[in-house]
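Asks: For reference, the structure I am asking about is given below.
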Amino acid sequence: MVEESATNNFKKGDRVIVMGFDLGMNTWGGFGEYIRVPKDWVLKMPQGLTSKEVAIYGTAGFTAGQCVEKLVASLKPKDGDIVVSGATGGVGTMSVGILSKIGYKVVAITGKSENDFLVGIGASEILERKTFSGVDKTPMHKGVYAGAIDTVGGNILENIIKSVKMYGVIACCGNVAGGNLNTTVYPFILRGISLVGLTSQSCPMDNRKIIWEKLSSVWKPKKIMELYEEVSLEKLPEKIDLILRGIVKGRVIVKIGG
Ligand SMILES: NC(=O)c1ccc[n+]([C@@H]2O[C@H](COP(=O)([O-])OP(=O)(O)OC[C@H]3O[C@@H](n4cnc5c(N)ncnc54)[C@H](OP(=O)(O)O)[C@@H]3O)[C@@H](O)[C@H]2O)c1
């Protein structure tokens, strides 16, 4: 919420979203209760979202929205299953929740034993991470999936690229499993697949508005209020340690005043 504004664009009491740009990069204050930022980073919060829901989405939810935007531009639910890697992570849970809400069948890749959680948020099928982590020299596997949201990169993305069927689309947003990608041109030139990258940090404001509008309405996961846990600022370091070890599921938000 705006407390004070030096521009005419915003006034005290406006509900706003500030995410990406330089915040959390070179500009500190992501966990602060008050922060002064340039007006160009600030977006009016759409109707249909509470401040808490925006925090639950966070950068992860917005990034999931960007990935979904890339997929729905080319794929319809009838085209087939969408595979989501890192499915219990922040981007993963939001991707599963959004895709299932809008009618896609979602196959979740996870390293955790959280099948009930994933089915509860909309996954139709769960695959153990290790089934997607192998390395082989075959340029392509059987084409099974219509598309994918890959949050992890590395060998898993390599295997997803090999397993997407004709004209499939893969949205690539993360590097948890690694920044390297070994692939061949064959899935691209024989199946016509697309590997689409995206960045939340410098997403243009016009596109941000469109995505947040969708996140506030048609894309809002049915169980969004079950996708987070709240921690105090004091407990945050130990939670960050668990996040970095890949143990946490869903989103973690910081308790205001905690
Ligand atoms: N492009 C952008 O603008 C943008 C924006 C936001 C985030 N990101 C990136 O997207 C990725 C995911 O972000 P997040 O917020 O979802 O992170 P997160 O909450 O930490 O979730 C990551 C998930 O990846 C899986 N994982 C953990 N270690 C792994 C490993 N060694 N190999 C394969 N999978 C592993 C785990 O899910 P399972 O146990 O279910 O497998 C984990 O929950 C990160 O790389 C992040 O930097 C990019």
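Every chain in the structure tokens takes a letter, A first, then B, and so on in the order presented; its residues are numbered from 1, and the ligands are numbered from 1 following the presented order.
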Neighbouring residues of ligand 1 are defined here as those with any atom at most 6 Å from a ligand atom, counting only C-alpha atoms and all ligand atoms; list them as number ranges by chain.
Replies: A: 59-60, 63, 86-92, 110-112, 151-152, 173-177, 198-201, 243, 246, 248-249
Asks: Region 128-230 of chain A: which residues are alpha helix (DSSP H) by DSSP, as a list in words?
Replies: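 Matching residues for alpha helix (DSSP H) in region 128-230 of chain A are Gly154, Asn155, Ile156, Leu157, Glu158, Asn159, Ile160, Ile161, Lys162, Ser163, Tyr186, Pro187, Phe188, Ile189, Leu190, Arg191, Met205, Asp206, Asn207, Arg208, Lys209, Ile210, Ile211, Trp212, Glu213, Lys214 and Leu215 of chain A.
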Asks: Based on the selection just made, write C-alpha atoms of those residues as a tab-separated table (two decimals), in the first residue's frame.
Replies:
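Saved file again_1.tsv follows:
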```tsv
chain	number	residue	atom	x	y	z
A	154	GLY	CA	20.05	-29.17	-16.69
A	155	ASN	CA	19.45	-32.86	-17.48
A	156	ILE	CA	15.75	-32.59	-16.73
A	157	LEU	CA	15.21	-29.89	-19.36
A	158	GLU	CA	17.33	-31.94	-21.74
A	159	ASN	CA	14.98	-34.92	-21.27
A	160	ILE	CA	11.88	-32.74	-21.52
A	161	ILE	CA	13.09	-31.41	-24.88
A	162	LYS	CA	13.48	-35.01	-26.06
A	163	SER	CA	10.00	-35.99	-24.85
A	186	TYR	CA	16.77	-32.78	-33.84
A	187	PRO	CA	13.71	-32.15	-31.63
A	188	PHE	CA	13.62	-28.64	-33.10
A	189	ILE	CA	14.00	-29.55	-36.77
A	190	LEU	CA	12.12	-32.88	-36.74
A	191	ARG	CA	9.28	-32.05	-34.34
A	205	MET	CA	4.89	-3.00	-17.59
A	206	ASP	CA	2.15	-3.50	-20.22
A	207	ASN	CA	2.71	-7.24	-20.14
A	208	ARG	CA	2.88	-7.23	-16.31
A	209	LYS	CA	-0.57	-5.66	-16.22
A	210	ILE	CA	-2.01	-8.36	-18.49
A	211	ILE	CA	-0.49	-11.18	-16.47
A	212	TRP	CA	-1.49	-9.78	-13.04
A	213	GLU	CA	-5.01	-9.20	-14.37
A	214	LYS	CA	-5.22	-12.89	-15.34
A	215	LEU	CA	-3.68	-13.94	-12.00
```
Asks: Which is closer to Met140 (chain A) than all the others in A:Ala171, A:Ile193, A:Val18, A:Leu227, using only C-alpha atoms?
Replies: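 Residue with the minimum atom-to-atom distance to Met140 (chain A): A:Ile193.
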Asks: Give me the residues within 8 Å of Met45 (chain A) as a list in words, counting only C-alpha atoms and dropping any in the same chain fewer than 6 places off.
Replies: Arg15, Val16, Ile17 and Trp212 of chain A
Asks: Determine the nearest neighbour of Cys67 (chain A) from the options A:Asp150, A:Glu230, A:Asp136, A:Asp241, counting only C-alpha atoms.
Replies: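 When distances to Cys67 (chain A) are compared using only C-alpha atoms, the smallest one comes from A:Asp150.
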Asks: With distances taken over only C-alpha atoms, which of A:Val84, A:Ile102, A:Val2, A:Val254 is nearest to Leu43 (chain A)?
Replies: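 The shortest atom-to-atom distance to Leu43 (chain A) comes from A:Val2.
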